[in-house]
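> Shown below is the structure under consideration.
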Amino acid sequence: MLELVTFSLLNGVVYGLLLFMLSSGLTLIWSMMGVLNFAHASMFMLGAYFSYQLGRYIGFWPALVIAPLVVGAIGAAIERYGLRYVHRQGHVGEILFTFGLAYLIAELVIMIWGRNPIENRVPATIDFSLFSLFGTSYPFYKGLMMAISLGMFAFLYLAFKRTRVGLVIQAALSHPQMVSALGHDVPKVFVLVFAIGCALAAMAGVIGGFALLTEPNMAAALGPIVFVVVVVGGLGSIPGALIASMLIGIIQTFAVALDYSLLDFLRQFGVTVLRGSPFYEICSIKIAQAAPLLPYLLLVLMLILRPRGLMGTRES
Amino acid sequence: MRARAFALSLVAAAAFAAAAPAAAVIKIAYIDPLSGGAASAGINAQKHMIYLIDRLNAAGGLNGEKLELLSFDNKVNPQESLIVLKKALDEGARYVFQGNGSAVAHAITEAVLKHNERNPGKEVLFFNYAAIDPALTNEKCNFWHFRFDADVDMKMKAMTDFIAKNPNVKKVYLINQDYSFGKAVAVAAQKMLAQKRPDIQIVGDELHPLQKVQDFSPYVAKIKAAGTDTIITGNWSNDMLLLMKAAKDAGLKVTWYTYYAGALGTPSAIGKDGVGSVIQVSEYHNNALPEPDPDAAAFRKRFTEKDDEFGYYRLKTLFDMFAAAATKAKSNDPVKVARALEGLKITTTVGEAEMRADNHQVLQPMFVSTMSDKVKYDVERTGVGFKTDAKIDAKDTALPTTCKMQRPS
């Protein structure tokens with residue numbers, strides 16, 4: 001039992017931090033630019049594919065740095081030559097633009113790397129175990145993932161709360177005219193923010209690529225959960241995103257371990273649902289079976305009860 | 001309006017007159033996912049269809065008529081499938097091929113049954129090459145449906161016969177996808193293990209949502225905590241790959257009995273990690289014969305991408321049986337072909353194959369095989385392949401059926 005609880009906690013934290021890695025860039029772009037980037041998970045996917053391709057020639061560690069830089073450059077180009085023009089048409093235009101972009105990137109990936117998952121394995125240089133617990137070895141890359149994720153949090157938090165650039169960026173969101181009147185290049189600030197957001201997603205992709213599967217559907221598969229994190233955490237709040245990711249990771253992991261259904265719960269109170277009853281099917285679903293759906297339940301409840309999320313500062 | 005309709009009918013008549021002297025073609029409708037998440041399976045099978053139809057046409061077609069392939073994308077969606085089926089029938093298809101998804105197969109078999117009742121003289125046959133819910137050849141069987149893949153129970157029978165001989169198997173964990181197929185696998189495993197090896201403890205019977213789980217680590221922690229030594233799973237595609245990945249990370253040492261570890265990207269993703277511990281049940285694999293089947297070899301020459309694998313050997317058996325039945329019936333009329341198919345026996349490169357008359361389920365040799373890196377022919381150009389542990393003859397794969405076949409008078 002202790003073993004199961006320990007591992008569930010560990011797995012929950014790791015999964016939560018992976019979610020944070022994925023969603024931090026999205027939160028950043030949203031909070032600083034007000035752009036809901038549907039192509040965010042696509043940048044994650046590009047990070048995974050690029051690092052796989054680069055890793056074959058230059059090794060894992062250089063790829064970990066270069067792949068996010070490449071994706072960041074692509075992000076900058078997207079902002080400069082696409083989003084900037086769409087931005088003038090308001091939020092609907094932006095959402096449609098990034099939505100289309102996500103499809104475009106998925107099709108490009110299929111053209112280049114094919115439909116099936118590629119053989120993106122844990123690179124040999126980091127394929128060893130970090131420690132051993134209850135006879136189960138713990139892979140190093142998961143430790144690395146936690147470290148990178150926490151590093152991202154520290155970077156974002158400090159960069160935006162404690163540096164001058166951060167202040168300029170924050171001011172550029174709410175008072176662009178004023179900031180530009182003070183001599184700052186607001187469009188350039190936006191390019192920078194978008195590029196950093198994309199690069200963060202790509203860095204998550206480098207690790208996520210072999211932690212999960214590297215395949216053309218990975219963006220579509222991870223897209224929804226990332227939005228859950230951002231909404232639950234509070235649109236635009238980086239600490240909120242961290243708390244929400246951990247919460248979702250841990251809830252989901254523990255739910256899987258629970259083999260109880262509503263049937264068992266009712267039995268505690270002496271209520272039995274007969275096999276023939278129309279409610280039998282729904283009452284017999286175990287919590288474990290419903291685990292991956294819990295984040296979405298959380299999303300719906302959060303939107304109804306507290307639309308600004310856990311740490312959000314505004315209603316929209 | 002009327003003038004335009006008249007013009008259209010003139011055009012149609014002209015087209016008909018022009019087409020008349022040419023030989024008639026047999027239109028084959030292929031309905032499977034060609035876009036979206038399951039497209040890799042649909043596109044791989046489509047390549048088999050193209051190859052096998054070209055081969056048949058090169059040999060003169062069926063009774064002098066050539067085959068023509070019409071492909072339809074159904075996105076593994078039953079409703080979508082019914083719409084494209086209607087389109088296929090309008091285009092004159094008399095043979096429908098489908099495989100991915102038992103839910104889709106149920107929708108098609110019902111629609112075909114209704115169509116045939118209402119349109120005597122224009123009957124359509126449904127050739128199912130991969131939807132393996134047992135119900136399709138039992139309580140939901142009908143005269144127009146023929147299945148060319150072993151169903152869940154037949155594969156589970158082969159699997160459990162093999163497990164029964166292995167005294168090391170003590171604690172089995174069942175983990176399957178939460179839908180009709182996954183549930184059928186779990187039910188069959190529970191029932192057959194209880195009969196063949198009552199001493200085996202089933203330590204878990206898990207159903208997880210279909211293709212929604214990103215991280216299987218919590219499931220693996222549970223499997224490990226249960227003291228599992230053997231896993232039985234019907235998982236396919238990402239659910240299979242991610243499960244095995246999580247197991248590898250946690251250092252889980254178990255034997256895997258699988259339905260689909262040998263196909264569609266799984267070998268690429270598992271690679272060497274599966275050597276010696278991943279077992280599959282299938283009708284063919286690259287080392288089933290001392291040298292590959294000539295069509296498997298020719299297929300691999302024609303389609304050269306990494307994952308172009310002749311994984312649907314049963315489609316070859318299907319086309320061979322189709323041709324034999326049409327020859328026997330001396331006609332390409334679906335009703336006559338269907339009658340000729342009942343009880344038809346052919347010899348394939350792996351042994352005898354037979355189409356059961358009582359429920360339209362094919363009986364073909366099955367192989368239990370283990371992943372190995374010491375094989376002559378690898379799979380998906382990975383360096384690992386499968387080697388045969390046991391071959392089950394066609395007749396030994398048969399199971400009783402509850403089908404009450406209604407034949408047209």
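Within each chain, counting starts at residue 1; across the structure tokens, chains are named A, B, ... in the order shown, with ligands numbered 1 upward in that order.
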Return as an mmCIF file with all heavy atoms, in the first residue's frame the residues belonging to chain B that are within 9 Å of chain A, counting only C-alpha atoms.


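So the final result, stored in iface.cif, reads:
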data_model
loop_
_atom_site.group_PDB
_atom_site.id
_atom_site.type_symbol
_atom_site.label_atom_id
_atom_site.label_comp_id
_atom_site.auth_asym_id
_atom_site.auth_seq_id
_atom_site.Cartn_x
_atom_site.Cartn_y
_atom_site.Cartn_z
ATOM 1 N N GLY B 36 -7.107 11.327 -39.978
ATOM 2 C CA GLY B 36 -7.280 11.307 -38.530
ATOM 3 C C GLY B 36 -6.386 10.290 -37.848
ATOM 4 O O GLY B 36 -5.498 9.705 -38.460
ATOM 5 N N GLY B 37 -6.663 10.079 -36.562
ATOM 6 C CA GLY B 37 -5.768 9.290 -35.723
ATOM 7 C C GLY B 37 -5.584 7.844 -36.127
ATOM 8 O O GLY B 37 -4.522 7.265 -35.925
ATOM 9 N N ALA B 39 -5.696 6.669 -39.164
ATOM 10 C CA ALA B 39 -5.451 6.585 -40.602
ATOM 11 C C ALA B 39 -4.299 5.644 -40.949
ATOM 12 O O ALA B 39 -4.293 5.050 -42.025
ATOM 13 C CB ALA B 39 -5.174 7.968 -41.171
ATOM 14 N N SER B 40 -3.334 5.493 -40.045
ATOM 15 C CA SER B 40 -2.201 4.649 -40.411
ATOM 16 C C SER B 40 -2.671 3.223 -40.704
ATOM 17 O O SER B 40 -2.208 2.593 -41.648
ATOM 18 C CB SER B 40 -1.136 4.665 -39.319
ATOM 19 O OG SER B 40 -1.655 4.177 -38.117
ATOM 20 N N ASP B 178 -11.738 0.639 -22.897
ATOM 21 C CA ASP B 178 -13.127 0.625 -22.443
ATOM 22 C C ASP B 178 -14.100 0.798 -23.611
ATOM 23 O O ASP B 178 -14.670 1.863 -23.795
ATOM 24 C CB ASP B 178 -13.316 1.740 -21.413
ATOM 25 C CG ASP B 178 -14.575 1.536 -20.599
ATOM 26 O OD1 ASP B 178 -15.300 0.560 -20.875
ATOM 27 O OD2 ASP B 178 -14.832 2.339 -19.691
ATOM 28 N N GLU B 206 -8.691 -4.309 -15.687
ATOM 29 C CA GLU B 206 -8.760 -2.855 -15.833
ATOM 30 C C GLU B 206 -9.328 -2.482 -17.189
ATOM 31 O O GLU B 206 -8.967 -3.067 -18.204
ATOM 32 C CB GLU B 206 -7.348 -2.290 -15.728
ATOM 33 C CG GLU B 206 -7.254 -0.807 -15.617
ATOM 34 C CD GLU B 206 -7.317 -0.355 -14.176
ATOM 35 O OE1 GLU B 206 -6.550 -0.871 -13.348
ATOM 36 O OE2 GLU B 206 -8.149 0.506 -13.892
ATOM 37 N N LEU B 207 -10.235 -1.496 -17.196
ATOM 38 C CA LEU B 207 -10.668 -0.896 -18.464
ATOM 39 C C LEU B 207 -10.309 0.584 -18.400
ATOM 40 O O LEU B 207 -10.657 1.260 -17.439
ATOM 41 C CB LEU B 207 -12.178 -1.055 -18.646
ATOM 42 C CG LEU B 207 -12.702 -2.477 -18.852
ATOM 43 C CD1 LEU B 207 -14.219 -2.483 -18.830
ATOM 44 C CD2 LEU B 207 -12.214 -3.061 -20.167
ATOM 45 N N HIS B 208 -9.583 1.071 -19.403
ATOM 46 C CA HIS B 208 -9.241 2.490 -19.406
ATOM 47 C C HIS B 208 -9.844 3.132 -20.642
ATOM 48 O O HIS B 208 -10.110 2.453 -21.621
ATOM 49 C CB HIS B 208 -7.718 2.683 -19.365
ATOM 50 C CG HIS B 208 -7.022 2.148 -20.576
ATOM 51 N ND1 HIS B 208 -7.015 2.827 -21.766
ATOM 52 C CD2 HIS B 208 -6.353 0.994 -20.787
ATOM 53 C CE1 HIS B 208 -6.353 2.114 -22.661
ATOM 54 N NE2 HIS B 208 -5.944 0.994 -22.096
ATOM 55 N N PRO B 209 -10.065 4.458 -20.611
ATOM 56 C CA PRO B 209 -10.711 5.112 -21.762
ATOM 57 C C PRO B 209 -9.907 4.918 -23.049
ATOM 58 O O PRO B 209 -8.682 4.893 -23.019
ATOM 59 C CB PRO B 209 -10.736 6.587 -21.363
ATOM 60 C CG PRO B 209 -10.557 6.607 -19.897
ATOM 61 C CD PRO B 209 -9.740 5.416 -19.553
ATOM 62 N N GLN B 211 -7.944 5.506 -26.202
ATOM 63 C CA GLN B 211 -7.055 6.502 -26.825
ATOM 64 C C GLN B 211 -7.138 7.869 -26.155
ATOM 65 O O GLN B 211 -7.108 8.895 -26.815
ATOM 66 C CB GLN B 211 -7.368 6.663 -28.327
ATOM 67 C CG GLN B 211 -7.477 5.381 -29.098
ATOM 68 C CD GLN B 211 -6.153 4.708 -29.370
ATOM 69 O OE1 GLN B 211 -5.125 5.095 -28.840
ATOM 70 N NE2 GLN B 211 -6.143 3.670 -30.168
ATOM 71 N N LYS B 212 -7.259 7.899 -24.814
ATOM 72 C CA LYS B 212 -7.307 9.193 -24.130
ATOM 73 C C LYS B 212 -6.193 9.331 -23.100
ATOM 74 O O LYS B 212 -5.913 10.416 -22.626
ATOM 75 C CB LYS B 212 -8.647 9.368 -23.418
ATOM 76 C CG LYS B 212 -9.775 9.712 -24.348
ATOM 77 C CD LYS B 212 -10.738 10.696 -23.706
ATOM 78 C CE LYS B 212 -11.654 11.299 -24.736
ATOM 79 N NZ LYS B 212 -12.384 10.278 -25.507
ATOM 80 N N VAL B 213 -5.589 8.190 -22.716
ATOM 81 C CA VAL B 213 -4.594 8.218 -21.653
ATOM 82 C C VAL B 213 -3.242 8.619 -22.240
ATOM 83 O O VAL B 213 -2.802 8.045 -23.234
ATOM 84 C CB VAL B 213 -4.485 6.831 -20.988
ATOM 85 C CG1 VAL B 213 -3.490 6.867 -19.853
ATOM 86 C CG2 VAL B 213 -5.839 6.372 -20.495
ATOM 87 N N GLN B 214 -2.601 9.641 -21.650
ATOM 88 C CA GLN B 214 -1.284 10.053 -22.130
ATOM 89 C C GLN B 214 -0.177 9.379 -21.331
ATOM 90 O O GLN B 214 0.869 9.047 -21.850
ATOM 91 C CB GLN B 214 -1.131 11.575 -22.015
ATOM 92 C CG GLN B 214 -1.941 12.339 -23.033
ATOM 93 C CD GLN B 214 -1.552 11.982 -24.441
ATOM 94 O OE1 GLN B 214 -0.391 11.743 -24.747
ATOM 95 N NE2 GLN B 214 -2.532 11.895 -25.325
ATOM 96 N N ASP B 215 -0.434 9.189 -20.038
ATOM 97 C CA ASP B 215 0.611 8.673 -19.170
ATOM 98 C C ASP B 215 0.083 7.426 -18.457
ATOM 99 O O ASP B 215 -0.848 7.511 -17.652
ATOM 100 C CB ASP B 215 0.988 9.754 -18.156
ATOM 101 C CG ASP B 215 2.075 9.273 -17.208
ATOM 102 O OD1 ASP B 215 2.709 8.253 -17.524
ATOM 103 O OD2 ASP B 215 2.272 9.905 -16.164
ATOM 104 N N SER B 217 1.771 5.570 -16.389
ATOM 105 C CA SER B 217 2.522 5.240 -15.166
ATOM 106 C C SER B 217 1.623 4.842 -13.990
ATOM 107 O O SER B 217 1.942 3.880 -13.287
ATOM 108 C CB SER B 217 3.395 6.413 -14.740
ATOM 109 O OG SER B 217 4.127 6.887 -15.816
ATOM 110 N N PRO B 218 0.504 5.548 -13.745
ATOM 111 C CA PRO B 218 -0.344 5.124 -12.624
ATOM 112 C C PRO B 218 -0.866 3.697 -12.792
ATOM 113 O O PRO B 218 -0.950 2.957 -11.820
ATOM 114 C CB PRO B 218 -1.507 6.112 -12.642
ATOM 115 C CG PRO B 218 -1.150 7.195 -13.572
ATOM 116 C CD PRO B 218 0.020 6.785 -14.375
ATOM 117 N N TYR B 219 -1.186 3.326 -14.034
ATOM 118 C CA TYR B 219 -1.669 1.964 -14.277
ATOM 119 C C TYR B 219 -0.555 0.958 -14.017
ATOM 120 O O TYR B 219 -0.774 -0.103 -13.452
ATOM 121 C CB TYR B 219 -2.182 1.824 -15.714
ATOM 122 C CG TYR B 219 -3.400 2.665 -15.993
ATOM 123 C CD1 TYR B 219 -3.283 3.930 -16.539
ATOM 124 C CD2 TYR B 219 -4.671 2.201 -15.689
ATOM 125 C CE1 TYR B 219 -4.392 4.725 -16.781
ATOM 126 C CE2 TYR B 219 -5.792 2.974 -15.924
ATOM 127 C CZ TYR B 219 -5.649 4.235 -16.472
ATOM 128 O OH TYR B 219 -6.756 5.012 -16.696
ATOM 129 N N ALA B 221 1.963 1.347 -11.997
ATOM 130 C CA ALA B 221 2.184 1.248 -10.550
ATOM 131 C C ALA B 221 1.194 0.260 -9.938
ATOM 132 O O ALA B 221 1.545 -0.549 -9.075
ATOM 133 C CB ALA B 221 2.035 2.628 -9.906
ATOM 134 N N LYS B 222 -0.027 0.308 -10.424
ATOM 135 C CA LYS B 222 -1.072 -0.592 -9.931
ATOM 136 C C LYS B 222 -0.779 -2.041 -10.324
ATOM 137 O O LYS B 222 -0.922 -2.965 -9.520
ATOM 138 C CB LYS B 222 -2.393 -0.147 -10.565
ATOM 139 C CG LYS B 222 -3.606 -0.332 -9.701
ATOM 140 C CD LYS B 222 -4.767 0.392 -10.359
ATOM 141 C CE LYS B 222 -6.090 -0.228 -9.988
ATOM 142 N NZ LYS B 222 -7.183 0.363 -10.768
ATOM 143 N N LYS B 224 2.084 -3.307 -10.951
ATOM 144 C CA LYS B 224 3.241 -3.755 -10.189
ATOM 145 C C LYS B 224 2.847 -4.104 -8.757
ATOM 146 O O LYS B 224 3.251 -5.131 -8.216
ATOM 147 C CB LYS B 224 4.286 -2.632 -10.176
ATOM 148 C CG LYS B 224 5.627 -3.163 -9.857
ATOM 149 C CD LYS B 224 6.723 -2.290 -10.400
ATOM 150 C CE LYS B 224 8.012 -3.010 -10.085
ATOM 151 N NZ LYS B 224 9.184 -2.330 -10.487
ATOM 152 N N ALA B 225 2.026 -3.247 -8.151
ATOM 153 C CA ALA B 225 1.601 -3.471 -6.768
ATOM 154 C C ALA B 225 0.815 -4.778 -6.637
ATOM 155 O O ALA B 225 0.782 -5.390 -5.576
ATOM 156 C CB ALA B 225 0.770 -2.296 -6.287
ATOM 157 N N ASN B 238 -1.787 3.857 -30.024
ATOM 158 C CA ASN B 238 -1.130 4.603 -28.945
ATOM 159 C C ASN B 238 -1.325 3.984 -27.574
ATOM 160 O O ASN B 238 -0.434 4.052 -26.734
ATOM 161 C CB ASN B 238 -1.661 6.037 -28.909
ATOM 162 C CG ASN B 238 -1.268 6.804 -30.140
ATOM 163 O OD1 ASN B 238 -0.591 6.254 -31.013
ATOM 164 N ND2 ASN B 238 -1.676 8.040 -30.239
ATOM 165 N N LEU B 241 1.377 1.415 -27.278
ATOM 166 C CA LEU B 241 2.727 1.981 -27.228
ATOM 167 C C LEU B 241 2.990 2.674 -25.896
ATOM 168 O O LEU B 241 4.029 2.468 -25.269
ATOM 169 C CB LEU B 241 2.899 3.009 -28.351
ATOM 170 C CG LEU B 241 2.624 2.516 -29.754
ATOM 171 C CD1 LEU B 241 2.870 3.624 -30.762
ATOM 172 C CD2 LEU B 241 3.528 1.351 -30.073
ATOM 173 N N LEU B 242 2.035 3.486 -25.449
ATOM 174 C CA LEU B 242 2.238 4.256 -24.219
ATOM 175 C C LEU B 242 2.263 3.343 -22.999
ATOM 176 O O LEU B 242 3.031 3.557 -22.066
ATOM 177 C CB LEU B 242 1.141 5.317 -24.073
ATOM 178 C CG LEU B 242 1.262 6.499 -25.033
ATOM 179 C CD1 LEU B 242 -0.018 7.313 -25.062
ATOM 180 C CD2 LEU B 242 2.436 7.391 -24.647
ATOM 181 N N LYS B 245 5.633 1.731 -22.930
ATOM 182 C CA LYS B 245 6.644 2.722 -22.597
ATOM 183 C C LYS B 245 6.683 2.961 -21.085
ATOM 184 O O LYS B 245 7.749 2.974 -20.464
ATOM 185 C CB LYS B 245 6.285 4.032 -23.315
ATOM 186 C CG LYS B 245 7.486 4.770 -23.786
ATOM 187 C CD LYS B 245 7.122 5.763 -24.867
ATOM 188 C CE LYS B 245 8.384 6.155 -25.576
ATOM 189 N NZ LYS B 245 8.210 6.995 -26.711
ATOM 190 N N ALA B 246 5.494 3.135 -20.496
ATOM 191 C CA ALA B 246 5.409 3.369 -19.050
ATOM 192 C C ALA B 246 5.945 2.155 -18.291
ATOM 193 O O ALA B 246 6.618 2.290 -17.270
ATOM 194 C CB ALA B 246 3.965 3.654 -18.649
ATOM 195 N N ASP B 249 9.739 2.222 -18.325
ATOM 196 C CA ASP B 249 10.276 3.231 -17.409
ATOM 197 C C ASP B 249 10.275 2.744 -15.963
ATOM 198 O O ASP B 249 11.173 3.046 -15.194
ATOM 199 C CB ASP B 249 9.441 4.518 -17.483
ATOM 200 C CG ASP B 249 9.780 5.322 -18.711
ATOM 201 O OD1 ASP B 249 10.818 5.019 -19.332
ATOM 202 O OD2 ASP B 249 9.025 6.232 -19.062
ATOM 203 N N ALA B 250 9.224 2.011 -15.594
ATOM 204 C CA ALA B 250 9.114 1.558 -14.211
ATOM 205 C C ALA B 250 9.870 0.248 -14.007
ATOM 206 O O ALA B 250 9.866 -0.311 -12.917
ATOM 207 C CB ALA B 250 7.653 1.385 -13.841
ATOM 208 N N GLY B 251 10.490 -0.250 -15.070
ATOM 209 C CA GLY B 251 11.237 -1.497 -14.967
ATOM 210 C C GLY B 251 10.347 -2.694 -14.685
ATOM 211 O O GLY B 251 10.744 -3.628 -13.993
ATOM 212 N N LEU B 252 9.134 -2.671 -15.228
ATOM 213 C CA LEU B 252 8.195 -3.773 -15.020
ATOM 214 C C LEU B 252 8.643 -4.991 -15.824
ATOM 215 O O LEU B 252 8.791 -4.910 -17.040
ATOM 216 C CB LEU B 252 6.799 -3.323 -15.454
ATOM 217 C CG LEU B 252 5.639 -4.280 -15.206
ATOM 218 C CD1 LEU B 252 5.363 -4.382 -13.715
ATOM 219 C CD2 LEU B 252 4.386 -3.795 -15.926
ATOM 220 N N LEU B 264 1.558 -1.971 -37.163
ATOM 221 C CA LEU B 264 1.203 -0.562 -37.185
ATOM 222 C C LEU B 264 1.983 0.297 -36.203
ATOM 223 O O LEU B 264 1.435 0.992 -35.377
ATOM 224 C CB LEU B 264 -0.299 -0.414 -36.910
ATOM 225 C CG LEU B 264 -1.175 -1.122 -37.924
ATOM 226 C CD1 LEU B 264 -2.599 -1.116 -37.472
ATOM 227 C CD2 LEU B 264 -1.037 -0.479 -39.286
ATOM 228 N N GLY B 265 3.301 0.211 -36.297
ATOM 229 C CA GLY B 265 4.136 1.125 -35.527
ATOM 230 C C GLY B 265 4.516 0.619 -34.153
ATOM 231 O O GLY B 265 5.432 1.148 -33.538
ATOM 232 N N THR B 266 3.822 -0.394 -33.636
ATOM 233 C CA THR B 266 4.185 -0.876 -32.300
ATOM 234 C C THR B 266 5.608 -1.430 -32.277
ATOM 235 O O THR B 266 6.382 -1.062 -31.391
ATOM 236 C CB THR B 266 3.174 -1.919 -31.796
ATOM 237 O OG1 THR B 266 1.868 -1.456 -32.065
ATOM 238 C CG2 THR B 266 3.332 -2.144 -30.312
ATOM 239 N N SER B 268 8.109 -0.595 -34.028
ATOM 240 C CA SER B 268 9.036 0.543 -34.098
ATOM 241 C C SER B 268 9.183 1.204 -32.742
ATOM 242 O O SER B 268 10.261 1.603 -32.340
ATOM 243 C CB SER B 268 8.546 1.597 -35.082
ATOM 244 O OG SER B 268 8.419 1.045 -36.353
ATOM 245 N N ALA B 269 8.060 1.348 -32.043
ATOM 246 C CA ALA B 269 8.105 2.060 -30.768
ATOM 247 C C ALA B 269 8.683 1.193 -29.645
ATOM 248 O O ALA B 269 9.355 1.696 -28.764
ATOM 249 C CB ALA B 269 6.718 2.544 -30.387
ATOM 250 N N ILE B 270 8.413 -0.109 -29.686
ATOM 251 C CA ILE B 270 8.920 -0.984 -28.617
ATOM 252 C C ILE B 270 10.383 -1.308 -28.872
ATOM 253 O O ILE B 270 11.209 -1.290 -27.968
ATOM 254 C CB ILE B 270 8.141 -2.314 -28.538
ATOM 255 C CG1 ILE B 270 6.646 -2.087 -28.413
ATOM 256 C CG2 ILE B 270 8.625 -3.135 -27.357
ATOM 257 C CD1 ILE B 270 5.850 -3.376 -28.527
ATOM 258 N N GLY B 271 10.683 -1.638 -30.121
ATOM 259 C CA GLY B 271 12.050 -2.000 -30.489
ATOM 260 C C GLY B 271 12.584 -3.144 -29.645
ATOM 261 O O GLY B 271 11.847 -4.069 -29.306
ATOM 262 N N GLU B 305 8.158 2.454 -47.832
ATOM 263 C CA GLU B 305 8.320 3.236 -46.613
ATOM 264 C C GLU B 305 8.577 2.305 -45.434
ATOM 265 O O GLU B 305 8.267 1.118 -45.492
ATOM 266 C CB GLU B 305 7.071 4.075 -46.353
ATOM 267 C CG GLU B 305 7.157 5.451 -46.994
ATOM 268 C CD GLU B 305 5.866 6.220 -46.840
ATOM 269 O OE1 GLU B 305 5.415 6.337 -45.698
ATOM 270 O OE2 GLU B 305 5.306 6.660 -47.860
ATOM 271 N N ASP B 307 7.194 1.830 -42.576
ATOM 272 C CA ASP B 307 6.116 1.064 -41.952
ATOM 273 C C ASP B 307 5.212 0.346 -42.962
ATOM 274 O O ASP B 307 4.137 -0.111 -42.607
ATOM 275 C CB ASP B 307 5.295 1.946 -41.000
ATOM 276 C CG ASP B 307 5.244 3.396 -41.453
ATOM 277 O OD1 ASP B 307 5.620 3.649 -42.610
ATOM 278 O OD2 ASP B 307 4.843 4.258 -40.663
#

> Got a sec to tell me which of region 87-181 of chain A DSSP assigns to strand (DSSP E), as a PDB file with N, CA, C and O atoms, in the first residue's frame?


ATOM      1  N   SER A 129      19.186   4.870 -14.446  1.00  0.00           N
ATOM      2  CA  SER A 129      18.207   5.122 -13.398  1.00  0.00           C
ATOM      3  C   SER A 129      18.784   6.062 -12.346  1.00  0.00           C
ATOM      4  O   SER A 129      19.965   6.031 -12.024  1.00  0.00           O
ATOM      5  N   LEU A 130      17.917   6.912 -11.835  1.00  0.00           N
ATOM      6  CA  LEU A 130      18.320   7.951 -10.901  1.00  0.00           C
ATOM      7  C   LEU A 130      18.472   7.370  -9.502  1.00  0.00           C
ATOM      8  O   LEU A 130      19.449   7.585  -8.820  1.00  0.00           O
ATOM      9  N   PHE A 131      17.462   6.613  -9.099  1.00  0.00           N
ATOM     10  CA  PHE A 131      17.532   5.928  -7.806  1.00  0.00           C
ATOM     11  C   PHE A 131      16.578   4.751  -7.858  1.00  0.00           C
ATOM     12  O   PHE A 131      15.828   4.590  -8.822  1.00  0.00           O
ATOM     13  N   SER A 132      16.618   3.945  -6.836  1.00  0.00           N
ATOM     14  CA  SER A 132      15.773   2.771  -6.811  1.00  0.00           C
ATOM     15  C   SER A 132      14.925   2.806  -5.547  1.00  0.00           C
ATOM     16  O   SER A 132      15.439   3.103  -4.472  1.00  0.00           O
ATOM     17  N   LEU A 133      13.645   2.529  -5.706  1.00  0.00           N
ATOM     18  CA  LEU A 133      12.740   2.619  -4.570  1.00  0.00           C
ATOM     19  C   LEU A 133      11.818   1.398  -4.598  1.00  0.00           C
ATOM     20  O   LEU A 133      11.216   1.109  -5.631  1.00  0.00           O
ATOM     21  N   THR A 136      11.841  -0.648  -7.590  1.00  0.00           N
ATOM     22  CA  THR A 136      11.515  -0.061  -8.892  1.00  0.00           C
ATOM     23  C   THR A 136      12.533   1.033  -9.178  1.00  0.00           C
ATOM     24  O   THR A 136      12.714   1.937  -8.363  1.00  0.00           O
ATOM     25  N   SER A 137      13.186   0.932 -10.322  1.00  0.00           N
ATOM     26  CA  SER A 137      14.160   1.964 -10.639  1.00  0.00           C
ATOM     27  C   SER A 137      13.428   3.182 -11.183  1.00  0.00           C
ATOM     28  O   SER A 137      12.352   3.071 -11.769  1.00  0.00           O
ATOM     29  N   TYR A 138      14.034   4.339 -10.952  1.00  0.00           N
ATOM     30  CA  TYR A 138      13.396   5.561 -11.396  1.00  0.00           C
ATOM     31  C   TYR A 138      14.259   6.209 -12.466  1.00  0.00           C
ATOM     32  O   TYR A 138      15.404   6.546 -12.214  1.00  0.00           O
ATOM     33  N   PRO A 139      13.724   6.373 -13.697  1.00  0.00           N
ATOM     34  CA  PRO A 139      14.582   6.841 -14.784  1.00  0.00           C
ATOM     35  C   PRO A 139      15.060   8.277 -14.586  1.00  0.00           C
ATOM     36  O   PRO A 139      14.326   9.123 -14.077  1.00  0.00           O
TER      37      PRO A 139
END

> How many Å separate CA of Lys376 (chain B) from CA of Ala394 (chain B)?

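Distance between the two atoms: 25.3 Å.
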
> Which residue, B:Asn332, B:Lys47, B:Gln406, B:Asp161, has the smallest gap to Val25 (chain B) when you use only C-alpha atoms?

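Result for the nearest residue to Val25 (chain B): B:Asn332.
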
> Please provide as a list in words all residues within 9 Å of Val152 (chain B), with the sequence filter that same-chain residues fewer than 6 positions apart are discarded (counting only C-alpha atoms).

Ile132, Asp133, Pro134, Phe181, Ala184, Val185, Ala188, Gly234 and Tyr259 of chain B

> I need the residue nearest Tyr30 (chain B) from this list: B:Gln280, B:Thr228, B:Ser81, B:Asn142. Use only C-alpha atoms for the distance.

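Smallest distance to Tyr30 (chain B) is found for B:Ser81.
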